[in-house]
$ cat start_28.tsv   # TSV, N, CA, C and O atoms
chain	number	residue	atom	x	y	z
A	1	MET	N	128.03	-49.39	-87.46
A	1	MET	CA	128.97	-49.10	-88.52
A	1	MET	C	130.42	-49.21	-88.02
A	1	MET	O	131.30	-49.57	-88.79
A	2	HIS	N	130.63	-48.94	-86.74
A	2	HIS	CA	131.96	-49.01	-86.16
A	2	HIS	C	132.52	-50.43	-86.25
A	2	HIS	O	133.70	-50.62	-86.56
A	3	TRP	N	131.70	-51.43	-85.98
A	3	TRP	CA	132.17	-52.82	-86.00
A	3	TRP	C	132.58	-53.25	-87.39
A	3	TRP	O	133.50	-54.06	-87.55
A	4	LEU	N	131.95	-52.72	-88.41
A	4	LEU	CA	132.34	-53.03	-89.77
A	4	LEU	C	133.76	-52.52	-90.04
A	4	LEU	O	134.59	-53.23	-90.61
A	5	TRP	N	134.05	-51.31	-89.59
A	5	TRP	CA	135.40	-50.76	-89.74
A	5	TRP	C	136.42	-51.55	-88.93
A	5	TRP	O	137.55	-51.76	-89.38
A	6	VAL	N	136.02	-52.01	-87.74
A	6	VAL	CA	136.92	-52.82	-86.92
A	6	VAL	C	137.27	-54.12	-87.66
A	6	VAL	O	138.42	-54.53	-87.69
A	7	LEU	N	136.27	-54.76	-88.28
A	7	LEU	CA	136.52	-55.99	-89.02
A	7	LEU	C	137.42	-55.74	-90.24
A	7	LEU	O	138.33	-56.53	-90.52
A	8	ILE	N	137.18	-54.67	-90.94
A	8	ILE	CA	137.98	-54.35	-92.14
A	8	ILE	C	139.43	-54.04	-91.75
A	8	ILE	O	140.36	-54.60	-92.33
A	9	ILE	N	139.62	-53.19	-90.77
A	9	ILE	CA	140.98	-52.83	-90.33
A	9	ILE	C	141.66	-54.04	-89.72
A	9	ILE	O	142.86	-54.27	-89.94
A	10	GLY	N	140.92	-54.86	-88.96
A	10	GLY	CA	141.48	-56.09	-88.40
A	10	GLY	C	141.95	-57.04	-89.48
A	10	GLY	O	143.01	-57.66	-89.37
A	11	ALA	N	141.17	-57.16	-90.56
A	11	ALA	CA	141.56	-58.03	-91.68
A	11	ALA	C	142.82	-57.51	-92.35
A	11	ALA	O	143.71	-58.30	-92.71
A	12	ILE	N	142.91	-56.21	-92.53
A	12	ILE	CA	144.10	-55.62	-93.17
A	12	ILE	C	145.33	-55.81	-92.30
A	12	ILE	O	146.40	-56.21	-92.78
A	13	ILE	N	145.20	-55.57	-91.00
A	13	ILE	CA	146.32	-55.75	-90.08
A	13	ILE	C	146.75	-57.22	-90.06
A	13	ILE	O	147.93	-57.54	-90.09
A	14	GLY	N	145.78	-58.13	-90.01
A	14	GLY	CA	146.10	-59.56	-90.03
A	14	GLY	C	146.77	-59.98	-91.32
A	14	GLY	O	147.70	-60.80	-91.32
A	15	ALA	N	146.32	-59.44	-92.45
A	15	ALA	CA	146.93	-59.77	-93.74
A	15	ALA	C	148.37	-59.26	-93.82
A	15	ALA	O	149.26	-59.96	-94.32
A	16	ILE	N	148.60	-58.06	-93.32
A	16	ILE	CA	149.96	-57.51	-93.31
A	16	ILE	C	150.86	-58.35	-92.40
A	16	ILE	O	152.00	-58.65	-92.74
A	17	ALA	N	150.33	-58.74	-91.24
A	17	ALA	CA	151.11	-59.57	-90.31
A	17	ALA	C	151.44	-60.92	-90.94
A	17	ALA	O	152.55	-61.43	-90.80
A	18	GLY	N	150.48	-61.50	-91.66
A	18	GLY	CA	150.74	-62.76	-92.35
A	18	GLY	C	151.78	-62.61	-93.44
A	18	GLY	O	152.61	-63.49	-93.64
A	19	ALA	N	151.76	-61.48	-94.14
A	19	ALA	CA	152.75	-61.24	-95.18
A	19	ALA	C	154.14	-61.03	-94.59
A	19	ALA	O	155.13	-61.50	-95.15
A	20	ILE	N	154.22	-60.35	-93.47
A	20	ILE	CA	155.52	-60.11	-92.82
A	20	ILE	C	156.13	-61.41	-92.34
A	20	ILE	O	157.33	-61.63	-92.46
A	21	THR	N	155.29	-62.31	-91.79
A	21	THR	CA	155.79	-63.57	-91.25
A	21	THR	C	155.82	-64.68	-92.29
A	21	THR	O	156.13	-65.82	-91.97
A	22	ASN	N	155.47	-64.39	-93.53
A	22	ASN	CA	155.41	-65.36	-94.63
A	22	ASN	C	154.41	-66.48	-94.37
A	22	ASN	O	154.59	-67.60	-94.82
A	23	ASN	N	153.36	-66.20	-93.60
A	23	ASN	CA	152.31	-67.18	-93.33
A	23	ASN	C	150.97	-66.71	-93.87
A	23	ASN	O	149.94	-67.27	-93.53
A	24	GLY	N	150.97	-65.69	-94.68
A	24	GLY	CA	149.73	-65.12	-95.18
A	24	GLY	C	148.99	-66.02	-96.15
A	24	GLY	O	147.77	-65.97	-96.24
A	25	LYS	N	149.70	-66.88	-96.87
A	25	LYS	CA	149.04	-67.75	-97.84
A	25	LYS	C	148.24	-68.84	-97.16
A	25	LYS	O	147.25	-69.31	-97.70
A	26	SER	N	148.66	-69.27	-95.99
A	26	SER	CA	147.96	-70.34	-95.30
A	26	SER	C	146.79	-69.83	-94.47
A	26	SER	O	145.97	-70.61	-94.01
A	27	MET	N	146.69	-68.52	-94.27
A	27	MET	CA	145.62	-67.95	-93.46
A	27	MET	C	144.48	-67.48	-94.36
A	27	MET	O	144.71	-66.92	-95.41
A	28	GLY	N	143.26	-67.73	-93.91
A	28	GLY	CA	142.10	-67.23	-94.64
A	28	GLY	C	141.68	-65.87	-94.10
A	28	GLY	O	142.31	-65.31	-93.20
A	29	TRP	N	140.59	-65.33	-94.63
A	29	TRP	CA	140.13	-64.01	-94.20
A	29	TRP	C	139.68	-64.02	-92.75
A	29	TRP	O	139.93	-63.06	-92.02
A	30	ILE	N	139.02	-65.08	-92.32
A	30	ILE	CA	138.57	-65.15	-90.92
A	30	ILE	C	139.78	-65.15	-89.99
A	30	ILE	O	139.80	-64.45	-88.98
A	31	SER	N	140.81	-65.92	-90.34
A	31	SER	CA	142.03	-65.94	-89.53
A	31	SER	C	142.72	-64.58	-89.53
A	31	SER	O	143.27	-64.16	-88.50
A	32	ASN	N	142.70	-63.89	-90.65
A	32	ASN	CA	143.28	-62.55	-90.72
A	32	ASN	C	142.54	-61.59	-89.80
A	32	ASN	O	143.17	-60.78	-89.10
A	33	ILE	N	141.22	-61.65	-89.81
A	33	ILE	CA	140.43	-60.77	-88.95
A	33	ILE	C	140.72	-61.07	-87.48
A	33	ILE	O	140.95	-60.15	-86.69
A	34	ILE	N	140.73	-62.34	-87.12
A	34	ILE	CA	141.00	-62.72	-85.73
A	34	ILE	C	142.41	-62.30	-85.33
A	34	ILE	O	142.60	-61.73	-84.25
A	35	ALA	N	143.38	-62.57	-86.19
A	35	ALA	CA	144.77	-62.17	-85.88
A	35	ALA	C	144.89	-60.66	-85.74
A	35	ALA	O	145.60	-60.17	-84.86
A	36	GLY	N	144.20	-59.92	-86.59
A	36	GLY	CA	144.26	-58.46	-86.51
A	36	GLY	C	143.63	-57.91	-85.25
A	36	GLY	O	144.20	-57.04	-84.58
A	37	ILE	N	142.46	-58.43	-84.87
A	37	ILE	CA	141.77	-57.91	-83.69
A	37	ILE	C	142.46	-58.36	-82.41
A	37	ILE	O	142.70	-57.54	-81.51
A	38	VAL	N	142.80	-59.64	-82.31
A	38	VAL	CA	143.48	-60.14	-81.10
A	38	VAL	C	144.88	-59.54	-81.02
A	38	VAL	O	145.33	-59.13	-79.93
A	39	GLY	N	145.58	-59.47	-82.15
A	39	GLY	CA	146.91	-58.85	-82.17
A	39	GLY	C	146.87	-57.39	-81.77
A	39	GLY	O	147.77	-56.88	-81.11
A	40	SER	N	145.79	-56.71	-82.15
A	40	SER	CA	145.62	-55.31	-81.76
A	40	SER	C	145.49	-55.20	-80.24
A	40	SER	O	146.11	-54.33	-79.62
A	41	SER	N	144.72	-56.08	-79.66
A	41	SER	CA	144.57	-56.06	-78.20
A	41	SER	C	145.89	-56.36	-77.50
A	41	SER	O	146.24	-55.69	-76.53
A	42	ILE	N	146.62	-57.34	-78.02
A	42	ILE	CA	147.91	-57.69	-77.42
A	42	ILE	C	148.90	-56.54	-77.58
A	42	ILE	O	149.57	-56.14	-76.62
A	43	GLY	N	149.00	-56.01	-78.78
A	43	GLY	CA	149.95	-54.93	-79.05
A	43	GLY	C	149.67	-53.68	-78.25
A	43	GLY	O	150.57	-53.07	-77.69
A	44	GLU	N	148.39	-53.30	-78.17
A	44	GLU	CA	148.05	-52.11	-77.39
A	44	GLU	C	148.19	-52.36	-75.90
A	44	GLU	O	148.49	-51.43	-75.14
A	45	GLY	N	147.98	-53.59	-75.46
A	45	GLY	CA	148.16	-53.91	-74.05
A	45	GLY	C	149.62	-53.83	-73.64
A	45	GLY	O	149.95	-53.37	-72.55
A	46	ILE	N	150.51	-54.27	-74.52
A	46	ILE	CA	151.94	-54.27	-74.22
A	46	ILE	C	152.58	-52.91	-74.49
A	46	ILE	O	153.34	-52.39	-73.67
A	47	LEU	N	152.26	-52.33	-75.66
A	47	LEU	CA	152.96	-51.12	-76.10
A	47	LEU	C	152.18	-49.83	-75.90
A	47	LEU	O	152.71	-48.75	-76.11
A	48	GLY	N	150.91	-49.91	-75.57
A	48	GLY	CA	150.08	-48.71	-75.43
A	48	GLY	C	149.46	-48.34	-76.76
A	48	GLY	O	149.64	-49.03	-77.77
A	49	SER	N	148.72	-47.27	-76.78
A	49	SER	CA	148.02	-46.87	-78.02
A	49	SER	C	148.60	-45.56	-78.55
A	49	SER	O	148.00	-44.52	-78.48
A	50	TRP	N	149.81	-45.65	-79.09
A	50	TRP	CA	150.47	-44.48	-79.67
A	50	TRP	C	150.41	-44.57	-81.19
A	50	TRP	O	150.16	-45.61	-81.75
A	51	GLY	N	150.62	-43.48	-81.83
A	51	GLY	CA	150.62	-43.44	-83.29
A	51	GLY	C	149.24	-43.23	-83.87
A	51	GLY	O	148.27	-43.04	-83.14
A	52	PRO	N	149.14	-43.28	-85.17
A	52	PRO	CA	147.84	-43.06	-85.83
A	52	PRO	C	146.87	-44.18	-85.51
A	52	PRO	O	147.26	-45.32	-85.27
A	53	GLN	N	145.58	-43.82	-85.48
A	53	GLN	CA	144.54	-44.79	-85.15
A	53	GLN	C	143.49	-44.85	-86.23
A	53	GLN	O	143.12	-43.83	-86.81
A	54	LEU	N	143.01	-46.06	-86.49
A	54	LEU	CA	141.89	-46.30	-87.39
A	54	LEU	C	140.93	-47.24	-86.67
A	54	LEU	O	141.36	-48.26	-86.12
A	55	ALA	N	139.65	-46.92	-86.67
A	55	ALA	CA	138.61	-47.74	-86.04
A	55	ALA	C	138.94	-48.02	-84.58
A	55	ALA	O	138.65	-49.09	-84.06
A	56	GLY	N	139.58	-47.09	-83.91
A	56	GLY	CA	139.91	-47.24	-82.50
A	56	GLY	C	141.12	-48.12	-82.23
A	56	GLY	O	141.41	-48.43	-81.09
A	57	MET	N	141.84	-48.52	-83.27
A	57	MET	CA	143.03	-49.36	-83.11
A	57	MET	C	144.26	-48.55	-83.51
A	57	MET	O	144.29	-47.98	-84.59
A	58	ALA	N	145.24	-48.52	-82.62
A	58	ALA	CA	146.51	-47.87	-82.93
A	58	ALA	C	147.25	-48.76	-83.93
A	58	ALA	O	147.48	-49.94	-83.67
A	59	ILE	N	147.60	-48.23	-85.07
A	59	ILE	CA	148.11	-49.04	-86.19
A	59	ILE	C	149.42	-49.74	-85.86
A	59	ILE	O	149.53	-50.96	-86.02
A	60	PHE	N	150.42	-49.04	-85.40
A	60	PHE	CA	151.74	-49.64	-85.19
A	60	PHE	C	151.76	-50.68	-84.07
A	60	PHE	O	152.25	-51.79	-84.27
A	61	PRO	N	151.23	-50.37	-82.87
A	61	PRO	CA	151.18	-51.42	-81.84
A	61	PRO	C	150.31	-52.60	-82.26
A	61	PRO	O	150.64	-53.75	-81.94
A	62	SER	N	149.23	-52.34	-82.99
A	62	SER	CA	148.37	-53.43	-83.45
A	62	SER	C	149.10	-54.33	-84.42
A	62	SER	O	148.99	-55.56	-84.35
A	63	LEU	N	149.85	-53.74	-85.32
A	63	LEU	CA	150.60	-54.52	-86.30
A	63	LEU	C	151.69	-55.34	-85.62
A	63	LEU	O	151.88	-56.53	-85.93
A	64	ILE	N	152.38	-54.76	-84.67
A	64	ILE	CA	153.43	-55.48	-83.93
A	64	ILE	C	152.81	-56.63	-83.15
A	64	ILE	O	153.33	-57.76	-83.15
A	65	GLY	N	151.69	-56.39	-82.49
A	65	GLY	CA	151.00	-57.45	-81.74
A	65	GLY	C	150.52	-58.56	-82.65
A	65	GLY	O	150.62	-59.74	-82.30
A	66	ALA	N	150.01	-58.22	-83.83
A	66	ALA	CA	149.53	-59.23	-84.77
A	66	ALA	C	150.69	-60.06	-85.31
A	66	ALA	O	150.56	-61.28	-85.48
A	67	VAL	N	151.82	-59.44	-85.58
A	67	VAL	CA	153.00	-60.18	-86.05
A	67	VAL	C	153.45	-61.16	-84.98
A	67	VAL	O	153.75	-62.34	-85.27
A	68	ILE	N	153.49	-60.72	-83.74
A	68	ILE	CA	153.88	-61.60	-82.63
A	68	ILE	C	152.90	-62.76	-82.52
A	68	ILE	O	153.30	-63.92	-82.39
A	69	LEU	N	151.60	-62.47	-82.59
A	69	LEU	CA	150.58	-63.51	-82.48
A	69	LEU	C	150.70	-64.52	-83.61
A	69	LEU	O	150.68	-65.73	-83.37
A	70	VAL	N	150.83	-64.07	-84.85
A	70	VAL	CA	150.92	-64.97	-85.99
A	70	VAL	C	152.19	-65.82	-85.90
A	70	VAL	O	152.16	-67.02	-86.17
A	71	ALA	N	153.29	-65.23	-85.47
A	71	ALA	CA	154.54	-65.98	-85.35
A	71	ALA	C	154.42	-67.07	-84.29
A	71	ALA	O	154.84	-68.21	-84.50
A	72	ILE	N	153.81	-66.75	-83.15
A	72	ILE	CA	153.66	-67.73	-82.07
A	72	ILE	C	152.71	-68.85	-82.50
A	72	ILE	O	153.01	-70.03	-82.30
A	73	VAL	N	151.57	-68.49	-83.08
A	73	VAL	CA	150.61	-69.51	-83.51
A	73	VAL	C	151.22	-70.41	-84.59
A	73	VAL	O	151.05	-71.62	-84.55
A	74	SER	N	151.94	-69.84	-85.52
A	74	SER	CA	152.58	-70.62	-86.59
A	74	SER	C	153.61	-71.58	-86.01
A	74	SER	O	153.70	-72.74	-86.43
A	75	PHE	N	154.38	-71.12	-85.03
A	75	PHE	CA	155.37	-71.97	-84.38
A	75	PHE	C	154.70	-73.13	-83.67
A	75	PHE	O	155.14	-74.28	-83.79
A	76	VAL	N	153.64	-72.87	-82.93
A	76	VAL	CA	152.94	-73.91	-82.18
A	76	VAL	C	152.30	-74.92	-83.14
A	76	VAL	O	152.39	-76.13	-82.93
A	77	VAL	N	151.68	-74.43	-84.20
A	77	VAL	CA	151.05	-75.33	-85.17
A	77	VAL	C	152.08	-76.21	-85.85
A	77	VAL	O	151.87	-77.40	-86.05
A	78	ARG	N	153.24	-75.66	-86.18
A	78	ARG	CA	154.31	-76.45	-86.79
A	78	ARG	C	154.84	-77.52	-85.86
A	78	ARG	O	155.15	-78.63	-86.27
A	79	LYS	N	154.96	-77.19	-84.58
A	79	LYS	CA	155.48	-78.16	-83.60
A	79	LYS	C	154.47	-79.28	-83.35
A	79	LYS	O	154.86	-80.39	-83.05
A	80	MET	N	153.17	-78.98	-83.45
A	80	MET	CA	152.15	-79.99	-83.19
A	80	MET	C	151.98	-80.96	-84.36
A	80	MET	O	151.51	-82.07	-84.18
A	81	SER	N	152.33	-80.54	-85.55
A	81	SER	CA	152.13	-81.42	-86.71
A	81	SER	C	153.38	-82.12	-87.16
A	81	SER	O	154.34	-82.25	-86.60
$ encode --input "start_28.tsv" --output "structure tokens"
Amino acid sequence: MHWLWVLIIGAIIGAIAGAITNNGKSMGWISNIIAGIVGSSIGEGILGSWGPQLAGMAIFPSLIGAVILVAIVSFVVRKMS
């Protein structure tokens, strides 16, 4: 049951990160989940796990990490095309 919550919270974090960077329309649900989970790992690795937590993910560092990840991936994809 824990993994289901991780996927749901990861999707929400990824969707918020896509909305903040204005790239949410081009991302699908799978990309949102990946961005949320990987961004959570990046954010917590850099900033630590402070603030409120859901499904074992600290919300604020996870969101910051996901925004950074989406911005970098969007920049690289734009440069390649």
$ closest_residue --input "start_28.tsv" --among "A:Leu47, A:Ile68, A:Ile8, A:Leu54" --to "Asn32 in chain A" --atoms "only N, CA, C and O atoms"
A:Ile8
$ atom_distance --input "start_28.tsv" --atom1 "atom O of Gly56 in chain A" --atom2 "atom N of Thr21 in chain A"
22.4 Å
$ atom_distance --input "start_28.tsv" --atom1 "atom N of Ser41 in chain A" --atom2 "CA of Asn22 in chain A"
20.6 Å
$ atom_distance --input "start_28.tsv" --atom1 "atom N of Val76 in chain A" --atom2 "atom C of Gly14 in chain A"
16.8 Å
$ select_by_dssp --input "start_28.tsv" --residues "chain A" --states "alpha helix (DSSP H)" --output "number ranges by chain"
A: 2-20, 29-47, 59-80
$ residues_around --input "start_28.tsv" --residues "Met57 in chain A" --least-positions-apart "5" --cutoff "8 Å" --atoms "all atoms listed in the file" --output "number ranges by chain"
A: 6, 36, 40-41, 48-52, 62-63
$ closest_residue --input "start_28.tsv" --among "A:Ala11, A:Ala35, A:Met1, A:Ile46" --to "Val67 in chain A" --atoms "all atoms listed in the file"
A:Ala35
$ closest_residue --input "start_28.tsv" --among "A:Ser74, A:Met80, A:His2, A:Glu44" --to "Phe60 in chain A" --atoms "all atoms listed in the file"
A:Glu44
$ closest_residue --input "start_28.tsv" --among "A:Ile12, A:Ala66, A:Ala17, A:Ile30" --to "Gly43 in chain A" --atoms "all atoms listed in the file"
A:Ala66
$ select_by_dssp --input "start_28.tsv" --residues "chain A" --states "strand (DSSP E or B)" --output "number ranges by chain"
A: 53-54, 57-58
$ write_last_selection --input "start_28.tsv" --atoms "N, CA, C and O atoms" --output "CSV table (one decimal), in the coordinates of the input"
chain,number,residue,atom,x,y,z
A,53,GLN,N,145.6,-43.8,-85.5
A,53,GLN,CA,144.5,-44.8,-85.2
A,53,GLN,C,143.5,-44.8,-86.2
A,53,GLN,O,143.1,-43.8,-86.8
A,54,LEU,N,143.0,-46.1,-86.5
A,54,LEU,CA,141.9,-46.3,-87.4
A,54,LEU,C,140.9,-47.2,-86.7
A,54,LEU,O,141.4,-48.3,-86.1
A,57,MET,N,141.8,-48.5,-83.3
A,57,MET,CA,143.0,-49.4,-83.1
A,57,MET,C,144.3,-48.6,-83.5
A,57,MET,O,144.3,-48.0,-84.6
A,58,ALA,N,145.2,-48.5,-82.6
A,58,ALA,CA,146.5,-47.9,-82.9
A,58,ALA,C,147.2,-48.8,-83.9
A,58,ALA,O,147.5,-49.9,-83.7
$ closest_residue --input "start_28.tsv" --among "A:Ile59, A:Ile9, A:Val77, A:Ile64" --to "Ile33 in chain A" --atoms "all atoms listed in the file"
A:Ile9
